[in-house]
$ cat input.cif   # mmCIF, C-alpha atoms
data_input
loop_
_atom_site.label_atom_id
_atom_site.label_comp_id
_atom_site.auth_asym_id
_atom_site.auth_seq_id
_atom_site.Cartn_x
_atom_site.Cartn_y
_atom_site.Cartn_z
CA ASN A 1226 126.91 111.66 110.06
CA ASN A 1227 127.09 107.92 110.70
CA ASN A 1228 123.62 107.97 112.26
CA ASN A 1229 122.21 109.86 109.30
CA ASN A 1230 123.76 107.38 106.87
CA ASN A 1231 122.39 104.44 108.80
CA ASN A 1232 118.88 105.89 108.76
CA THR A 1233 119.13 106.55 105.04
CA ASP A 1234 120.40 103.04 104.35
CA VAL A 1235 117.38 101.41 105.95
CA ILE A 1236 114.67 103.60 104.41
CA LYS A 1237 112.44 101.27 102.46
CA LYS A 1238 109.61 101.85 100.03
CA VAL A 1239 106.63 99.53 99.72
CA ALA A 1240 104.76 98.86 96.48
CA ALA A 1241 101.44 97.15 95.90
CA VAL A 1242 101.75 94.87 92.84
CA SER A 1243 98.70 93.49 91.03
CA LEU A 1244 98.59 89.70 90.68
CA TYR A 1245 96.16 87.15 89.27
CA ILE A 1246 94.92 83.68 90.20
CA VAL A 1247 93.50 81.40 87.48
CA PRO A 1248 90.19 79.81 88.54
CA ASN A 1249 89.89 76.05 88.02
CA HIS A 1250 87.16 76.38 85.41
CA VAL A 1251 89.40 78.59 83.25
CA THR A 1252 92.30 76.14 83.56
CA GLU A 1253 90.07 73.22 82.60
CA ARG A 1254 88.21 74.97 79.77
CA LEU A 1255 91.40 76.12 78.04
CA ARG A 1256 93.46 73.09 79.10
CA LEU A 1257 96.17 75.38 80.45
CA ASN A 1258 99.53 74.11 81.65
CA ARG A 1259 98.97 73.47 85.35
CA ASP A 1260 102.59 74.13 86.32
CA ALA A 1261 102.40 77.52 84.65
CA VAL A 1262 99.06 78.21 86.36
CA ARG A 1263 100.68 77.44 89.71
CA ALA A 1264 103.67 79.72 88.92
CA VAL A 1265 106.07 76.81 89.48
CA ASN A 1266 108.85 78.62 87.62
CA ALA A 1267 108.23 82.13 88.94
CA LYS A 1268 111.31 84.34 89.23
CA ALA A 1269 110.47 85.18 92.84
CA GLU A 1270 110.96 82.11 95.02
CA ALA A 1271 108.17 83.27 97.34
CA ARG A 1272 105.65 82.92 94.48
CA ARG A 1273 106.72 79.52 93.16
CA GLY A 1274 103.90 77.01 93.35
CA THR A 1275 101.48 79.51 94.93
CA GLY A 1276 99.29 80.26 91.92
CA PHE A 1277 99.91 83.99 92.27
CA LEU A 1278 100.76 85.20 88.76
CA THR A 1279 102.14 88.51 87.52
CA THR A 1280 100.43 90.19 84.58
CA PRO A 1281 103.17 89.04 82.12
CA GLU A 1282 102.81 85.45 83.38
CA ALA A 1283 99.03 85.56 82.96
CA ARG A 1284 99.43 86.98 79.45
CA ALA A 1285 101.95 84.23 78.64
CA LEU A 1286 99.34 81.59 79.56
CA LEU A 1287 96.95 83.09 77.04
CA GLU A 1288 99.64 83.47 74.38
CA ASP A 1289 100.62 79.82 74.76
CA TYR A 1290 96.99 78.83 74.25
CA ILE A 1291 96.55 81.05 71.20
CA THR A 1292 99.74 79.90 69.47
CA HIS A 1293 99.58 76.22 70.42
CA PRO A 1294 99.77 74.10 67.23
CA GLU A 1295 96.47 72.40 68.09
CA ASN A 1296 94.74 75.79 68.32
CA ASN A 1297 96.66 78.18 66.04
CA LEU A 1298 94.24 81.01 66.64
CA VAL A 1299 96.29 83.85 65.18
CA ASP A 1300 94.38 85.31 62.24
CA PRO A 1301 96.39 84.33 59.13
CA HIS A 1302 95.32 87.54 57.37
CA ASP A 1303 96.07 89.92 60.23
CA ALA A 1304 98.28 88.90 63.16
CA GLN A 1305 96.74 91.65 65.31
CA TYR A 1306 93.57 89.58 65.53
CA VAL A 1307 92.80 86.32 67.31
CA VAL A 1308 90.19 83.90 66.02
CA LEU A 1309 87.79 82.88 68.78
CA ASP A 1310 87.39 79.13 69.13
CA ALA A 1311 84.57 77.51 71.12
CA PRO A 1312 86.39 77.48 74.49
CA LEU A 1313 87.35 81.18 74.27
CA THR A 1314 83.86 82.14 73.08
CA ARG A 1315 82.24 80.32 76.01
CA LEU A 1316 84.77 81.81 78.44
CA PHE A 1317 84.19 85.39 77.24
CA TYR A 1318 80.47 85.32 76.49
CA GLY A 1319 79.08 82.42 78.49
CA SER A 1320 76.89 79.62 77.20
CA GLN A 1321 74.53 81.78 75.17
CA THR A 1322 71.98 79.82 73.13
CA SER A 1323 72.56 81.96 70.07
CA THR A 1324 76.06 82.68 68.82
CA THR A 1325 75.04 84.35 65.57
CA ASN A 1326 75.66 87.85 66.91
CA LEU A 1327 78.92 87.05 68.67
CA PRO A 1328 82.24 88.09 67.09
CA THR A 1329 84.39 85.42 65.49
CA LYS A 1330 87.63 87.26 66.20
CA LEU A 1331 88.96 90.03 68.41
CA THR A 1332 92.10 92.14 68.54
CA ARG A 1333 94.88 90.74 70.71
CA LYS A 1334 94.39 93.67 73.08
CA ASP A 1335 90.70 92.86 73.53
CA VAL A 1336 91.42 89.16 74.00
CA VAL A 1337 94.01 89.89 76.70
CA GLU A 1338 91.66 92.28 78.53
CA ARG A 1339 88.78 89.81 78.42
CA PHE A 1340 91.00 86.94 79.54
CA LEU A 1341 92.39 88.89 82.51
CA SER A 1342 88.85 89.86 83.52
CA THR A 1343 87.99 86.15 83.93
CA LEU A 1344 90.81 85.67 86.46
CA ASP A 1345 90.66 86.30 90.20
CA THR A 1346 92.50 89.42 91.29
CA ALA A 1347 95.19 89.37 93.96
CA HIS A 1348 98.12 91.49 95.08
CA ALA A 1349 101.56 91.37 96.63
CA ILE A 1350 103.08 93.88 99.01
CA VAL A 1351 106.67 94.25 97.85
CA GLN A 1352 109.45 95.95 99.79
CA MET A 1353 111.99 97.97 97.84
CA PRO A 1354 114.90 97.87 97.30
CA GLY A 1355 115.34 94.15 96.84
CA SER A 1356 111.81 93.32 95.60
CA ILE A 1357 111.13 91.39 98.81
CA ILE A 1358 107.57 90.04 98.96
CA VAL A 1359 106.05 90.90 102.35
CA THR A 1360 102.60 89.39 101.78
CA MET A 1361 100.45 87.95 98.98
CA LYS A 1362 96.67 87.93 99.26
CA ARG A 1363 93.55 87.68 97.16
CA GLY A 1364 91.69 90.86 96.25
CA ALA A 1365 92.88 94.46 96.31
CA PRO A 1366 95.47 95.68 98.84
CA ARG A 1367 94.04 96.94 102.12
CA LYS A 1368 94.05 100.65 102.71
CA VAL A 1369 95.85 102.53 105.46
CA SER A 1370 93.11 104.69 106.93
CA ILE A 1371 93.81 108.14 108.38
CA ALA A 1372 90.63 109.44 110.01
CA VAL A 1373 90.25 112.76 111.83
CA GLU A 1374 87.45 113.22 114.39
CA LYS A 1375 86.30 116.33 116.19
CA ARG A 1376 86.03 116.24 119.94
CA SER A 1377 84.44 118.74 122.33
CA GLY A 1378 85.46 122.32 121.77
CA ASN A 1379 88.00 122.71 119.01
CA LYS A 1380 89.93 119.54 119.79
CA PHE A 1381 90.66 116.76 117.33
CA VAL A 1382 91.90 113.18 117.31
CA THR A 1383 93.55 111.36 114.40
CA ARG A 1384 93.16 107.60 114.03
CA VAL A 1385 95.44 105.43 111.88
CA ARG A 1386 94.65 101.85 110.87
CA GLY A 1387 96.10 99.23 108.52
CA LEU A 1388 99.81 99.76 109.22
CA GLU A 1389 100.50 96.07 109.91
CA GLU A 1390 99.49 95.19 106.34
CA TYR A 1391 102.68 96.93 105.19
CA GLY A 1392 105.02 95.71 107.90
CA ILE A 1393 104.88 98.88 110.00
CA ASP A 1394 104.89 98.29 113.75
CA GLY A 1395 102.00 100.20 115.34
CA LEU A 1396 103.75 100.76 118.68
CA GLY A 1397 106.92 102.02 117.01
CA PHE A 1398 104.89 104.29 114.74
CA SER A 1399 102.95 105.63 117.73
CA LYS A 1400 106.13 106.51 119.63
CA ASP A 1401 107.64 108.15 116.56
CA VAL A 1402 104.55 110.31 115.90
CA SER A 1403 104.45 111.35 119.55
CA LYS A 1404 108.08 112.42 119.47
CA ARG A 1405 107.92 114.16 116.09
CA PHE A 1406 104.76 116.15 116.67
CA ALA A 1407 104.82 116.54 120.48
CA CYS A 1408 101.42 114.92 120.93
CA SER A 1409 99.89 112.17 123.05
CA THR A 1410 99.38 108.83 121.26
CA THR A 1411 97.74 105.53 122.16
CA VAL A 1412 97.76 102.09 120.53
CA LEU A 1413 94.44 100.22 120.67
CA ASP A 1414 93.84 96.56 119.87
CA SER A 1415 90.51 95.03 118.80
CA ASN A 1416 89.31 94.64 122.39
CA SER A 1417 90.14 98.24 123.25
CA VAL A 1418 88.37 99.58 120.17
CA ALA A 1419 85.29 97.48 120.94
CA ALA A 1420 85.23 98.81 124.50
CA GLU A 1421 85.62 102.37 123.26
CA ALA A 1422 82.88 101.76 120.64
CA LYS A 1423 84.40 104.18 118.16
CA GLY A 1424 83.97 103.62 114.42
CA GLU A 1425 84.24 100.29 112.66
CA ALA A 1426 85.29 97.10 114.44
CA LEU A 1427 88.98 96.28 114.31
CA LYS A 1428 90.14 92.86 113.11
CA LYS A 1429 91.93 90.63 115.58
CA GLY A 1430 95.69 91.08 115.38
CA CYS A 1431 95.37 94.63 114.03
CA VAL A 1432 95.86 97.89 115.91
CA GLU A 1433 94.65 101.46 115.74
CA VAL A 1434 97.04 104.30 116.53
CA VAL A 1435 95.19 107.23 118.13
CA CYS A 1436 96.92 110.62 118.04
CA GLN A 1437 95.75 113.78 119.79
CA GLY A 1438 95.31 116.64 117.33
CA HIS A 1439 94.49 117.19 113.67
CA LEU A 1440 97.50 115.43 112.16
CA LEU A 1441 96.16 114.39 108.74
CA GLU A 1442 98.79 116.20 106.66
CA GLU A 1443 101.62 115.33 109.04
CA ILE A 1444 100.91 111.60 109.15
CA ARG A 1445 100.23 111.40 105.43
CA ALA A 1446 103.55 113.15 104.74
CA LEU A 1447 105.31 110.77 107.11
CA LEU A 1448 103.84 107.61 105.55
CA LEU A 1449 104.53 108.75 102.00
CA GLY A 1450 107.94 110.25 102.77
CA ASP A 1451 106.91 113.56 101.17
CA SER A 1452 107.84 116.50 103.39
CA LYS A 1453 106.12 118.93 100.99
CA LEU A 1454 102.71 117.76 102.21
CA SER A 1455 103.20 119.40 105.63
CA THR A 1456 104.95 122.45 107.00
CA HIS A 1457 105.49 120.82 110.41
CA GLY A 1458 109.16 120.61 111.33
CA GLY A 1459 108.70 117.07 112.66
CA VAL A 1460 108.15 115.80 109.13
CA LYS A 1461 111.59 117.01 108.04
CA LYS A 1462 113.48 114.75 110.44
CA ASN A 1463 115.05 111.44 109.39
CA ILE A 1464 112.71 108.52 108.86
CA SER A 1465 112.78 106.15 111.82
CA HIS A 1466 114.60 102.83 111.57
CA TYR A 1467 111.37 100.78 111.39
CA HIS A 1468 109.72 102.92 108.75
CA LYS A 1469 108.53 101.95 105.27
CA LEU A 1470 107.29 104.52 102.75
CA LEU A 1471 103.90 103.63 101.29
CA PRO A 1472 102.45 104.15 97.79
CA LYS A 1473 99.93 107.00 97.80
CA GLU A 1474 97.15 104.86 96.34
CA VAL A 1475 96.83 102.83 99.55
CA ILE A 1476 96.19 105.88 101.76
CA ASP A 1477 92.51 106.43 102.59
CA ILE A 1478 91.64 109.79 104.13
CA LYS A 1479 88.49 110.27 106.20
CA LEU A 1480 87.37 113.61 107.65
CA ARG A 1481 84.57 112.89 110.11
CA LYS A 1482 81.59 115.16 110.78
CA GLY A 1483 82.62 118.74 111.53
CA VAL A 1484 86.22 118.26 110.38
CA THR A 1485 87.76 120.23 107.53
CA ALA A 1486 91.22 120.11 106.03
CA LYS A 1487 93.70 122.43 107.70
CA ARG A 1488 94.69 125.53 105.82
CA LYS A 1489 98.24 125.51 104.61
CA LYS A 1490 100.34 128.24 106.08
#
$ encode --input "input.cif" --output "structure tokens"
Amino acid sequence: NNNNNNNTDVIKKVAAVSLYIVPNHVTERLRLNRDAVRAVNAKAEARRGTGFLTTPEARALLEDYITHPENNLVDPHDAQYVVLDAPLTRLFYGSQTSTTNLPTKLTRKDVVERFLSTLDTAHAIVQMPGSIIVTMKRGAPRKVSIAVEKRSGNKFVTRVRGLEEYGIDGLGFSKDVSKRFACSTTVLDSNSVAAEAKGEALKKGCVEVVCQGHLLEEIRALLLGDSKLSTHGGVKKNISHYHKLLPKEVIDIKLRKGVTAKRKK
């Protein structure tokens, strides 16, 4: 019982949270508060001074601009609308020679959407419980790829990439999969993958876990912590001590040529 409780206590979920970075030209054009742009007072200490903003923080920047006494852009006749001044018009529509056909005001919702679209996208990988930030990077979160290839005869191999992005140790994962599903597994680094010449090149510092067999449903169930996705008994066992459960949107499934999804029993 103690072992079961310990395993349960350390099960962690990982979430991908959307963030924004304000480009310099936006900061300068709207004369935004630079401390706020840099997230100096962010609730999470790991984000303070980094420039990685949550959606509410990015919206607050815009709200401060709209309601600033020098701007006062809230439509006096309808507070749901925002009057577009020259800086906002240029930011949203560019430096068009003719402004006669451009709107003079937009709904708050439209203004927020247009403002967020001018910002650079970023993301944080956050470990739950505790809201611990694992990484923060520009762009969208990297996918964890589960690819199944067909070998000679009716044999298959399943390749898993991208685990390190979410704090999952490739070697530990490999050993766990081997034990759970009674299969042979191998961990390849970038040099090994290049020598094997299989699929896309692997970035330095990343690994690929290669598992013998068609284990798409099993590995997906294991990574998501959803035992209903597979009937294999190995999925039902306790999650290993190193494990983190991933959000389903970061899982990328690839069935190579000649591979079909397994029929559920």
$ resolve_selection --input "input.cif" --expression "the PyMOL selection byres ((chain A and resi 1306-1320) around 7)" --output "list of chain:residue names"
A:Arg1254, A:Leu1255, A:Leu1298, A:Val1299, A:Asp1300, A:Asp1303, A:Ala1304, A:Gln1305, A:Gln1321, A:Thr1322, A:Thr1329, A:Lys1330, A:Leu1331, A:Thr1332, A:Arg1333, A:Arg1339
$ closest_residue --input "input.cif" --among "A:Thr1279, A:Val1336, A:Leu1287, A:Gly1392" --to "Gln1352 (chain A)" --atoms "all atoms listed in the file"
A:Gly1392
$ residues_around --input "input.cif" --residues "Gly1364 (chain A)" --least-positions-apart "3" --cutoff "8 Å" --atoms "only C-alpha atoms" --output "number ranges by chain"
A: 1345-1348
$ closest_atom_pairs --input "input.cif" --of "region 1425-1461 of chain A" --to "region 1475-1485 of chain A" --cutoff "10 Å" --atoms "only C-alpha atoms" --output "tab-separated table"
residue	atom	partner	partner_atom	distance
A:His1439	CA	A:Val1484	CA	9.0
A:Leu1441	CA	A:Ile1478	CA	7.9
A:Glu1442	CA	A:Ile1478	CA	9.9
A:Arg1445	CA	A:Ile1476	CA	7.8
A:Leu1448	CA	A:Ile1476	CA	8.7
A:Leu1449	CA	A:Ile1476	CA	8.8
$ residues_around --input "input.cif" --residues "Val1402 (chain A)" --least-positions-apart "3" --cutoff "12 Å" --atoms "only C-alpha atoms" --output "ChimeraX atom specification"
/A:1383-1385,1395-1399,1405-1412,1434-1438,1440-1441,1443-1448,1457,1459-1460,1462,1464-1465,1468
$ closest_residue --input "input.cif" --among "A:Val1373, A:Ala1426, A:Cys1431, A:Val1262" --to "Gly1387 (chain A)" --atoms "all atoms listed in the file"
A:Cys1431
$ atom_distance --input "input.cif" --atom1 "CA of Arg1256 (chain A)" --atom2 "CA of Tyr1290 (chain A)"
8.3 Å
$ atom_distance --input "input.cif" --atom1 "CA of Pro1472 (chain A)" --atom2 "CA of Val1242 (chain A)"
10.5 Å
$ atom_distance --input "input.cif" --atom1 "CA of Thr1275 (chain A)" --atom2 "CA of Glu1253 (chain A)"
17.9 Å
$ resolve_selection --input "input.cif" --expression "the PyMOL selection byres ((chain A and resi 1278) around 9)" --output "list in words"
Ser1243, Leu1244, Tyr1245, Ile1246, Val1247, Ala1261, Val1262, Arg1263, Ala1264, Ala1267, Arg1272, Thr1275, Gly1276, Phe1277, Thr1279, Thr1280, Pro1281, Glu1282, Ala1283 and Ala1347 of chain A
$ build_atoms --input "input.cif" --residues "region 1262-1273 of chain A" --atoms "all heavy atoms" --output "tab-separated table (two decimals), in the frame of the given file"
chain	number	residue	atom	x	y	z
A	1262	VAL	N	100.15	77.63	85.57
A	1262	VAL	CA	99.06	78.21	86.36
A	1262	VAL	C	99.47	78.35	87.82
A	1262	VAL	O	99.11	79.33	88.48
A	1262	VAL	CB	97.79	77.34	86.23
A	1262	VAL	CG1	96.74	77.74	87.28
A	1262	VAL	CG2	97.21	77.45	84.82
A	1263	ARG	N	100.24	77.41	88.31
A	1263	ARG	CA	100.68	77.44	89.71
A	1263	ARG	C	101.95	78.28	89.92
A	1263	ARG	O	102.45	78.38	91.03
A	1263	ARG	CB	100.94	76.01	90.20
A	1263	ARG	CG	99.68	75.15	90.31
A	1263	ARG	CD	99.99	73.70	90.62
A	1263	ARG	NE	100.88	73.59	91.78
A	1263	ARG	CZ	102.04	72.92	91.78
A	1263	ARG	NH1	102.45	72.30	90.68
A	1263	ARG	NH2	102.78	72.87	92.86
A	1264	ALA	N	102.46	78.88	88.85
A	1264	ALA	CA	103.67	79.72	88.92
A	1264	ALA	C	104.86	78.93	89.45
A	1264	ALA	O	105.66	79.44	90.23
A	1264	ALA	CB	103.42	80.95	89.80
A	1265	VAL	N	104.99	77.69	89.01
A	1265	VAL	CA	106.07	76.81	89.48
A	1265	VAL	C	107.45	77.40	89.16
A	1265	VAL	O	108.39	77.24	89.94
A	1265	VAL	CB	105.92	75.41	88.86
A	1265	VAL	CG1	107.16	74.57	89.11
A	1265	VAL	CG2	104.70	74.71	89.45
A	1266	ASN	N	107.55	78.08	88.03
A	1266	ASN	CA	108.85	78.62	87.62
A	1266	ASN	C	108.95	80.13	87.78
A	1266	ASN	O	109.71	80.79	87.07
A	1266	ASN	CB	109.12	78.24	86.15
A	1266	ASN	CG	109.21	76.74	85.95
A	1266	ASN	OD1	109.87	76.05	86.73
A	1266	ASN	ND2	108.55	76.23	84.92
A	1267	ALA	N	108.20	80.68	88.71
A	1267	ALA	CA	108.23	82.13	88.94
A	1267	ALA	C	109.63	82.59	89.33
A	1267	ALA	O	110.37	81.87	90.00
A	1267	ALA	CB	107.23	82.50	90.04
A	1268	LYS	N	109.99	83.80	88.90
A	1268	LYS	CA	111.31	84.34	89.23
A	1268	LYS	C	111.46	84.51	90.74
A	1268	LYS	O	112.51	84.22	91.31
A	1268	LYS	CB	111.51	85.69	88.54
A	1268	LYS	CG	111.68	85.58	87.03
A	1268	LYS	CD	111.96	86.94	86.41
A	1268	LYS	CE	112.16	86.83	84.90
A	1268	LYS	NZ	112.42	88.14	84.28
A	1269	ALA	N	110.42	85.00	91.39
A	1269	ALA	CA	110.47	85.18	92.84
A	1269	ALA	C	110.18	83.86	93.53
A	1269	ALA	O	109.13	83.24	93.32
A	1269	ALA	CB	109.44	86.22	93.27
A	1270	GLU	N	111.11	83.41	94.34
A	1270	GLU	CA	110.96	82.11	95.02
A	1270	GLU	C	109.70	82.07	95.87
A	1270	GLU	O	109.05	81.03	95.98
A	1270	GLU	CB	112.19	81.85	95.89
A	1270	GLU	CG	112.19	80.48	96.54
A	1270	GLU	CD	113.46	80.19	97.32
A	1270	GLU	OE1	114.41	81.01	97.23
A	1270	GLU	OE2	113.52	79.16	98.01
A	1271	ALA	N	109.34	83.22	96.46
A	1271	ALA	CA	108.17	83.27	97.34
A	1271	ALA	C	106.87	83.00	96.59
A	1271	ALA	O	105.86	82.63	97.20
A	1271	ALA	CB	108.09	84.63	98.03
A	1272	ARG	N	106.87	83.15	95.26
A	1272	ARG	CA	105.65	82.92	94.48
A	1272	ARG	C	105.58	81.54	93.85
A	1272	ARG	O	104.53	81.13	93.35
A	1272	ARG	CB	105.51	83.97	93.37
A	1272	ARG	CG	105.10	85.34	93.83
A	1272	ARG	CD	104.63	86.22	92.67
A	1272	ARG	NE	105.62	86.40	91.64
A	1272	ARG	CZ	105.56	85.83	90.44
A	1272	ARG	NH1	104.55	85.02	90.13
A	1272	ARG	NH2	106.52	86.04	89.55
A	1273	ARG	N	106.68	80.81	93.86
A	1273	ARG	CA	106.72	79.52	93.16
A	1273	ARG	C	105.73	78.51	93.76
A	1273	ARG	O	105.74	78.27	94.97
A	1273	ARG	CB	108.13	78.95	93.19
A	1273	ARG	CG	109.12	79.75	92.35
A	1273	ARG	CD	110.53	79.26	92.50
A	1273	ARG	NE	111.48	80.20	91.90
A	1273	ARG	CZ	112.78	80.19	92.12
A	1273	ARG	NH1	113.31	79.26	92.91
A	1273	ARG	NH2	113.55	81.10	91.55
